[in-house]
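Engineer: I'm passing along query24.txt; it holds compact mmCIF, C-alpha atoms and all ligand atoms.
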```
# COMPACT_ATOMS: atom_id res chain seq x y z
CA MET A 1 0.00 0.00 0.00
CA ILE A 2 1.25 3.45 -0.86
CA PRO A 3 0.45 5.87 1.97
CA LEU A 4 -1.14 9.13 0.95
CA PRO A 5 1.18 12.06 1.77
CA PRO A 6 -0.37 14.19 4.52
CA SER A 7 -0.28 17.34 2.37
CA ILE A 8 -1.91 15.77 -0.70
CA THR A 9 -4.76 17.69 -2.29
CA ALA A 10 -7.04 16.90 -5.24
CA ASP A 11 -8.84 19.91 -6.65
CA ARG A 12 -11.38 19.56 -9.38
CA ASP A 13 -10.46 21.32 -12.60
CA ILE A 14 -13.88 22.44 -13.78
CA ALA A 15 -12.48 24.05 -16.95
CA ALA A 16 -10.83 20.75 -17.93
CA GLU A 17 -14.10 18.91 -17.28
CA GLU A 18 -16.02 21.34 -19.47
CA SER A 19 -13.40 21.03 -22.16
CA LEU A 20 -13.81 17.24 -22.17
CA VAL A 21 -17.58 17.59 -22.50
CA GLU A 22 -17.14 20.02 -25.37
CA ARG A 23 -14.69 17.70 -27.15
CA ALA A 24 -17.11 14.82 -26.74
CA ARG A 25 -19.97 17.00 -27.99
CA GLN A 26 -17.99 17.92 -31.10
CA TRP A 27 -17.08 14.29 -31.76
CA LEU A 28 -20.65 13.12 -31.32
CA SER A 29 -21.97 15.95 -33.52
CA ALA A 30 -19.44 15.36 -36.27
CA ASP A 31 -21.59 12.69 -37.91
CA ASP A 32 -22.75 13.74 -41.33
CA ARG A 33 -26.47 13.86 -40.50
CA LYS A 34 -28.48 14.25 -43.69
CA GLU A 35 -31.25 16.81 -44.07
CA GLY A 36 -34.69 15.26 -43.74
CA ILE A 37 -36.56 12.78 -41.59
CA HIS A 38 -34.53 9.99 -40.00
CA ALA A 39 -35.61 6.60 -38.69
CA SER A 40 -34.89 7.63 -35.10
CA ASP A 41 -37.26 10.64 -35.49
CA LEU A 42 -40.20 8.23 -35.65
CA LEU A 43 -39.44 6.91 -32.15
CA LYS A 44 -39.98 10.38 -30.61
CA PRO A 45 -42.05 12.28 -33.15
CA ARG A 46 -42.75 15.41 -31.14
CA GLN A 47 -39.18 15.84 -29.99
CA ALA A 48 -38.07 15.24 -33.58
CA TYR A 49 -40.46 18.00 -34.68
CA PHE A 50 -38.91 20.49 -32.23
CA LYS A 51 -35.38 19.41 -33.10
CA HIS A 52 -36.12 20.22 -36.73
CA VAL A 53 -37.71 23.62 -36.07
CA ASP A 54 -35.64 24.64 -33.02
CA PRO A 55 -32.34 22.70 -32.99
CA ARG A 56 -30.25 22.99 -29.83
CA PRO A 57 -26.78 21.67 -28.90
CA TRP A 58 -26.70 18.50 -26.87
CA SER A 59 -26.75 19.02 -23.12
CA ALA A 60 -23.82 17.79 -21.01
CA ARG A 61 -26.11 14.99 -19.81
CA GLU A 62 -26.90 13.83 -23.34
CA VAL A 63 -23.21 13.98 -24.25
CA GLY A 64 -22.36 11.75 -21.29
CA LEU A 65 -25.12 9.30 -22.14
CA PHE A 66 -24.20 8.97 -25.82
CA LEU A 67 -20.42 8.83 -25.44
CA VAL A 68 -20.28 5.25 -24.13
CA GLY A 69 -22.54 4.03 -26.94
CA LYS A 70 -20.38 5.69 -29.55
CA VAL A 71 -17.27 3.89 -28.33
CA LEU A 72 -19.20 0.61 -28.24
CA HIS A 73 -20.19 1.12 -31.87
CA ALA A 74 -16.55 1.46 -32.88
CA PHE A 75 -15.72 -1.78 -31.10
CA ILE A 76 -18.57 -3.78 -32.65
CA LEU A 77 -17.92 -2.39 -36.13
CA SER A 78 -14.33 -3.59 -35.97
CA ASP A 79 -15.81 -7.12 -36.22
CA GLY A 80 -13.19 -9.78 -35.61
CA ASP A 81 -10.28 -7.35 -35.66
CA ALA A 82 -9.99 -6.61 -31.95
CA THR A 83 -6.59 -4.99 -32.50
CA GLY A 84 -7.89 -2.60 -35.13
CA VAL A 85 -10.73 -0.73 -33.45
CA ASP A 86 -11.16 2.54 -35.32
CA VAL A 87 -13.01 5.09 -33.18
CA ARG A 88 -13.80 7.10 -36.31
CA ALA A 89 -15.89 4.23 -37.70
CA THR A 90 -18.99 4.33 -35.55
CA ASP A 91 -21.80 3.66 -38.00
CA GLU A 92 -22.43 2.37 -41.48
CA GLY A 93 -23.48 5.74 -42.89
CA SER A 94 -26.96 6.87 -43.86
CA THR A 95 -29.10 5.47 -46.65
CA TYR A 96 -32.26 7.04 -48.03
CA SER A 97 -35.30 4.78 -48.43
CA GLU A 98 -37.40 6.09 -51.34
CA GLU A 99 -40.20 3.76 -50.33
CA LEU A 100 -40.36 5.02 -46.74
CA GLY A 101 -39.25 8.58 -47.43
CA LEU A 102 -36.64 8.66 -44.69
CA TRP A 103 -32.96 8.29 -43.89
CA TYR A 104 -31.89 5.30 -41.92
CA SER A 105 -28.53 4.33 -40.48
CA PRO A 106 -28.42 0.83 -39.06
CA ASP A 107 -25.48 0.50 -36.72
CA HIS A 108 -24.23 -2.45 -38.71
CA VAL A 109 -25.37 -4.70 -41.51
CA GLY A 110 -24.07 -8.24 -41.03
CA ASP A 111 -24.93 -10.86 -43.67
CA ASP A 112 -27.30 -8.24 -45.10
CA ILE A 113 -29.25 -8.30 -41.82
CA PRO A 114 -29.68 -4.98 -39.98
CA VAL A 115 -28.06 -4.84 -36.55
CA GLU A 116 -28.93 -2.35 -33.82
CA LEU A 117 -26.40 -1.72 -31.04
CA LYS A 118 -27.47 -0.31 -27.72
CA THR A 119 -25.93 0.47 -24.37
CA SER A 120 -28.25 0.14 -21.40
CA ARG A 121 -27.85 1.31 -17.83
CA ALA A 122 -30.47 -1.18 -16.63
CA GLN A 123 -29.19 -3.33 -13.79
CA TYR A 124 -31.11 -6.38 -14.91
CA PRO A 125 -31.67 -7.69 -18.41
CA PRO A 126 -35.16 -7.60 -19.94
CA LYS A 127 -37.69 -10.09 -18.66
CA SER A 128 -39.95 -9.79 -21.69
CA ILE A 129 -40.08 -8.52 -25.26
CA GLY A 130 -41.93 -5.44 -23.93
CA ASP A 131 -38.89 -4.46 -21.85
CA MET A 132 -36.99 -3.98 -25.13
CA GLU A 133 -39.78 -2.10 -26.88
CA THR A 134 -37.89 1.02 -27.96
CA TYR A 135 -34.84 -0.94 -29.11
CA LEU A 136 -37.03 -3.30 -31.12
CA GLN A 137 -39.05 -0.46 -32.63
CA GLN A 138 -35.85 1.08 -34.00
CA LEU A 139 -34.66 -2.26 -35.38
CA LEU A 140 -38.09 -2.81 -36.98
CA ILE A 141 -37.74 0.45 -38.91
CA TYR A 142 -34.40 -0.76 -40.28
CA MET A 143 -35.92 -4.13 -41.13
CA ALA A 144 -38.74 -2.35 -42.99
CA ALA A 145 -36.22 -0.17 -44.84
CA LYS A 146 -34.17 -3.19 -45.86
CA LYS A 147 -37.23 -5.39 -46.44
CA LYS A 148 -35.93 -8.03 -44.04
CA THR A 149 -37.92 -10.22 -41.69
CA GLU A 150 -34.79 -10.75 -39.58
CA GLY A 151 -32.63 -8.42 -37.56
CA ARG A 152 -30.21 -8.54 -34.68
CA LEU A 153 -30.11 -6.57 -31.45
CA VAL A 154 -26.87 -6.25 -29.48
CA VAL A 155 -27.21 -4.68 -26.04
CA PHE A 156 -24.30 -3.89 -23.72
CA TYR A 157 -25.59 -3.67 -20.16
CA ILE A 158 -23.00 -1.44 -18.53
CA SER A 159 -24.52 -1.60 -15.04
CA ALA A 160 -25.66 -5.24 -15.04
CA ARG A 161 -25.59 -6.99 -11.66
CA ASP A 162 -24.59 -10.61 -11.21
CA GLU A 163 -26.12 -13.10 -8.74
CA ALA A 164 -24.07 -11.57 -5.92
CA ARG A 165 -25.42 -8.14 -6.93
CA LYS A 166 -21.96 -7.00 -8.01
CA THR A 167 -21.75 -4.76 -11.08
CA SER A 168 -20.85 -7.05 -13.93
CA PRO A 169 -21.25 -5.49 -17.41
CA LYS A 170 -22.32 -7.93 -20.10
CA PHE A 171 -23.47 -8.24 -23.69
CA GLU A 172 -26.78 -9.78 -24.69
CA VAL A 173 -27.41 -10.58 -28.35
CA TYR A 174 -30.89 -11.24 -29.74
CA ASP A 175 -31.90 -12.62 -33.13
CA VAL A 176 -35.20 -10.97 -33.99
CA ARG A 177 -37.70 -12.42 -36.46
CA ILE A 178 -41.15 -11.43 -37.71
CA THR A 179 -43.42 -12.82 -40.43
CA GLN A 180 -43.70 -11.38 -43.94
CA GLU A 181 -47.21 -10.11 -43.10
CA GLU A 182 -45.88 -8.36 -40.00
CA LEU A 183 -43.11 -6.80 -42.04
CA GLU A 184 -45.71 -5.38 -44.42
CA ALA A 185 -47.80 -4.03 -41.53
CA THR A 186 -44.66 -2.50 -39.97
CA THR A 187 -43.74 -0.89 -43.29
CA TYR A 188 -47.23 0.63 -43.50
CA GLU A 189 -46.97 2.05 -39.96
CA VAL A 190 -43.49 3.46 -40.58
CA ARG A 191 -44.71 5.23 -43.72
CA ARG A 192 -47.83 6.53 -41.96
CA LEU A 193 -45.85 7.96 -39.04
CA ARG A 194 -43.26 9.46 -41.38
CA ASN A 195 -46.04 11.21 -43.33
CA GLU A 196 -47.57 12.55 -40.10
CA LEU A 197 -44.23 14.07 -39.09
CA SER A 198 -43.62 15.45 -42.56
CA ASP A 199 -47.09 17.06 -42.65
CA ALA A 200 -46.55 18.56 -39.18
CA LEU A 201 -43.24 20.09 -40.29
CA VAL A 202 -44.79 21.59 -43.42
CA ALA A 203 -47.77 22.98 -41.47
CA LYS A 204 -45.55 23.97 -38.51
CA LYS A 205 -48.11 22.36 -36.21
CA PHE A 206 -47.10 19.64 -33.79
CA ASP A 207 -50.28 19.15 -31.77
CA ARG A 208 -51.56 16.16 -33.76
CA LEU A 209 -48.31 14.23 -33.50
CA PRO A 210 -48.21 11.30 -31.06
CA LEU A 211 -46.44 11.96 -27.77
CA CYS A 212 -42.92 10.62 -27.27
CA PRO A 213 -42.45 7.61 -24.95
CA ALA A 214 -42.98 8.42 -21.29
CA TRP A 215 -39.38 7.50 -20.34
CA LEU A 216 -38.23 10.51 -22.36
CA CYS A 217 -41.02 12.87 -21.43
CA HIS A 218 -40.18 14.87 -18.33
CA PRO A 219 -39.26 18.52 -17.69
CA GLU A 220 -35.74 17.49 -16.66
CA GLN A 221 -35.26 15.25 -19.68
CA CYS A 222 -36.85 17.13 -22.54
CA PRO A 223 -35.69 20.67 -23.40
CA TYR A 224 -38.96 21.28 -25.24
CA TRP A 225 -41.27 20.49 -22.29
CA ASN A 226 -42.65 24.03 -22.00
CA GLN A 227 -43.13 24.41 -25.75
CA CYS A 228 -44.81 21.05 -26.16
CA LYS A 229 -46.92 20.98 -22.98
CA PRO A 230 -47.70 17.30 -23.58
CA PRO A 231 -51.41 16.69 -22.94
CA GLY A 232 -52.09 14.41 -19.99
CA ARG A 233 -48.52 14.83 -18.69
CA TYR A 234 -47.95 18.58 -18.40
CA ASP A 235 -49.51 19.88 -15.19
CA ASN A 236 -50.26 16.29 -14.20
CA ARG A 237 -48.90 15.91 -10.69
CA ALA A 238 -49.49 12.14 -10.60
CA TYR A 239 -47.54 11.67 -13.85
CA LEU A 240 -44.62 13.81 -12.66
CA GLU A 241 -44.53 12.17 -9.23
CA GLY A 242 -44.59 8.74 -10.85
CA LYS A 243 -41.54 9.64 -12.93
CA ARG A 244 -39.56 10.46 -9.80
CA LYS A 245 -40.01 7.02 -8.24
S1 LIG B 301 -42.40 17.12 -23.83
FE1 LIG B 301 -42.63 14.91 -24.13
S2 LIG B 301 -43.94 14.63 -25.93
FE2 LIG B 301 -43.20 16.78 -25.92
S3 LIG B 301 -41.34 16.76 -27.16
FE3 LIG B 301 -40.70 16.47 -25.07
S4 LIG B 301 -40.58 14.24 -24.78
FE4 LIG B 301 -41.82 14.64 -26.61
```
What is this structure when it is put down as structure tokens?

Structural biologist:
Amino acid sequence: MIPLPPSITADRDIAAEESLVERARQWLSADDRKEGIHASDLLKPRQAYFKHVDPRPWSAREVGLFLVGKVLHAFILSDGDATGVDVRATDEGSTYSEELGLWYSPDHVGDDIPVELKTSRAQYPPKSIGDMETYLQQLLIYMAAKKKTEGRLVVFYISARDEARKTSPKFEVYDVRITQEELEATTYEVRRLRNELSDALVAKKFDRLPLCPAWLCHPEQCPYWNQCKPPGRYDNRAYLEGKRK
């Protein structure tokens, strides 16, 4: 054991911390995001609307949340070459689907099957399909865009607990399959939602768009809370209290 010298001090360098956040923000923002509606917009249509009409830089919180996922993407995209991880290669680029009228950027396409990579801070893996709803919805959009009934979901649980309740990060990989009929129904829904968002942007009216998922919808999480005033949630004490639990 190395004894700590009695005079040792450790002062936080706030400027250095802010500089790191800003560097991360610039790296995360450097992706060549194409103009138009993206697959991820359909998962949070109202927030997507506001991001189009009133774009804002990512908050320090968002930067922190996305940074780990970005590094994970670089690792997964290196495939078998564990010695050649390239942190500049963090997605497969964007493709425009004429049929769906949107840009989509699957994190990876292996064997022509779309792959979605996620990092999760959940302590315990999902117990049901419903626990992975948002991840699966995003993968389904990619499957619709690529006309595939199969996809793959890779989740890195960074805060997973083992049987002894010790933090033990782990990967879980899911092969996802739907029927051809379900693919067609999904494609219809994707197109319908895309058109709703497009119409709202043209009309500059968001009030008929579906609300974003509740996990995202909170005054401390959404910078557009006071513009959106989500019906049933805004001024709803029970909703806001429930989110704090
Ligand atoms: S307040 Fe809720 S519904 Fe409105 S944009 Fe934000 S997350 Fe979406």

Engineer: Please provide the set of residues having any atom within 8 Å of segment 19-36 of chain A, restricted to only C-alpha atoms, with same-chain residues fewer than 4 positions apart removed, written as a list in words.

Structural biologist: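 My reading of the contact set: Ala15, Trp58, Ala60, Val63, Gly64, Phe66, Leu67, Lys70, Ser94, Leu102 and Trp103 of chain A.
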
Engineer: For atom CA of Pro223 of chain A and atom CA of Leu140 of chain A, determine how far apart the two atoms are, in Å to one decimal place.

Structural biologist: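 Computing it gives 27.2 Å between the two atoms.
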
Engineer: Around ligand LIG 301 (chain B), which protein and nucleic acid residues have at least one atom no more than 12 Å from it, if we count all atoms listed in the file? List them as a count of residues only.

Structural biologist: 46

Engineer: Between atom CA of Ala145 of chain A and atom CA of Tyr96 of chain A, what is the spacing in Å?

Structural biologist: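 Separation of atom CA of Tyr96 of chain A and atom CA of Ala145 of chain A: 8.8 Å.
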
Engineer: If I take atom CA of Met143 of chain A and atom CA of Gly101 of chain A, how far is one from the other in Å, to one decimal?

Structural biologist: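 The value is 14.6 Å.
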
Engineer: Taking 5 positions as the minimum chain separation for residues in the same chain, which residues sit within 7 Å of segment 111-127 of chain A when counting all atoms listed in the file? Answer as an mmCIF file with C-alpha atoms, keeping the file's coordinate frame.

Structural biologist:
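part.cif, written as the output of this step:
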```cif
data_model
loop_
_atom_site.group_PDB
_atom_site.id
_atom_site.type_symbol
_atom_site.label_atom_id
_atom_site.label_comp_id
_atom_site.auth_asym_id
_atom_site.auth_seq_id
_atom_site.Cartn_x
_atom_site.Cartn_y
_atom_site.Cartn_z
ATOM 1 C CA GLY A 69 -22.540 4.030 -26.940
ATOM 2 C CA HIS A 73 -20.190 1.120 -31.870
ATOM 3 C CA PRO A 106 -28.420 0.830 -39.060
ATOM 4 C CA MET A 132 -36.990 -3.980 -25.130
ATOM 5 C CA LEU A 139 -34.660 -2.260 -35.380
ATOM 6 C CA TYR A 142 -34.400 -0.760 -40.280
ATOM 7 C CA MET A 143 -35.920 -4.130 -41.130
ATOM 8 C CA GLU A 150 -34.790 -10.750 -39.580
ATOM 9 C CA GLY A 151 -32.630 -8.420 -37.560
ATOM 10 C CA ARG A 152 -30.210 -8.540 -34.680
ATOM 11 C CA LEU A 153 -30.110 -6.570 -31.450
ATOM 12 C CA VAL A 154 -26.870 -6.250 -29.480
ATOM 13 C CA VAL A 155 -27.210 -4.680 -26.040
ATOM 14 C CA PHE A 156 -24.300 -3.890 -23.720
ATOM 15 C CA TYR A 157 -25.590 -3.670 -20.160
ATOM 16 C CA ILE A 158 -23.000 -1.440 -18.530
ATOM 17 C CA SER A 159 -24.520 -1.600 -15.040
ATOM 18 C CA ALA A 160 -25.660 -5.240 -15.040
ATOM 19 C CA ARG A 161 -25.590 -6.990 -11.660
#
```

Engineer: Could you give me the centre and size, in Å to one decimal, of an axis-aligned box around all listed atoms of segment 121-133 of chain A with 3 Å added on every side, as JSON?

Structural biologist:
```
{"center_x": -34.9, "center_y": -4.4, "center_z": -20.3, "size_x": 20.1, "size_y": 17.4, "size_z": 19.1}
```
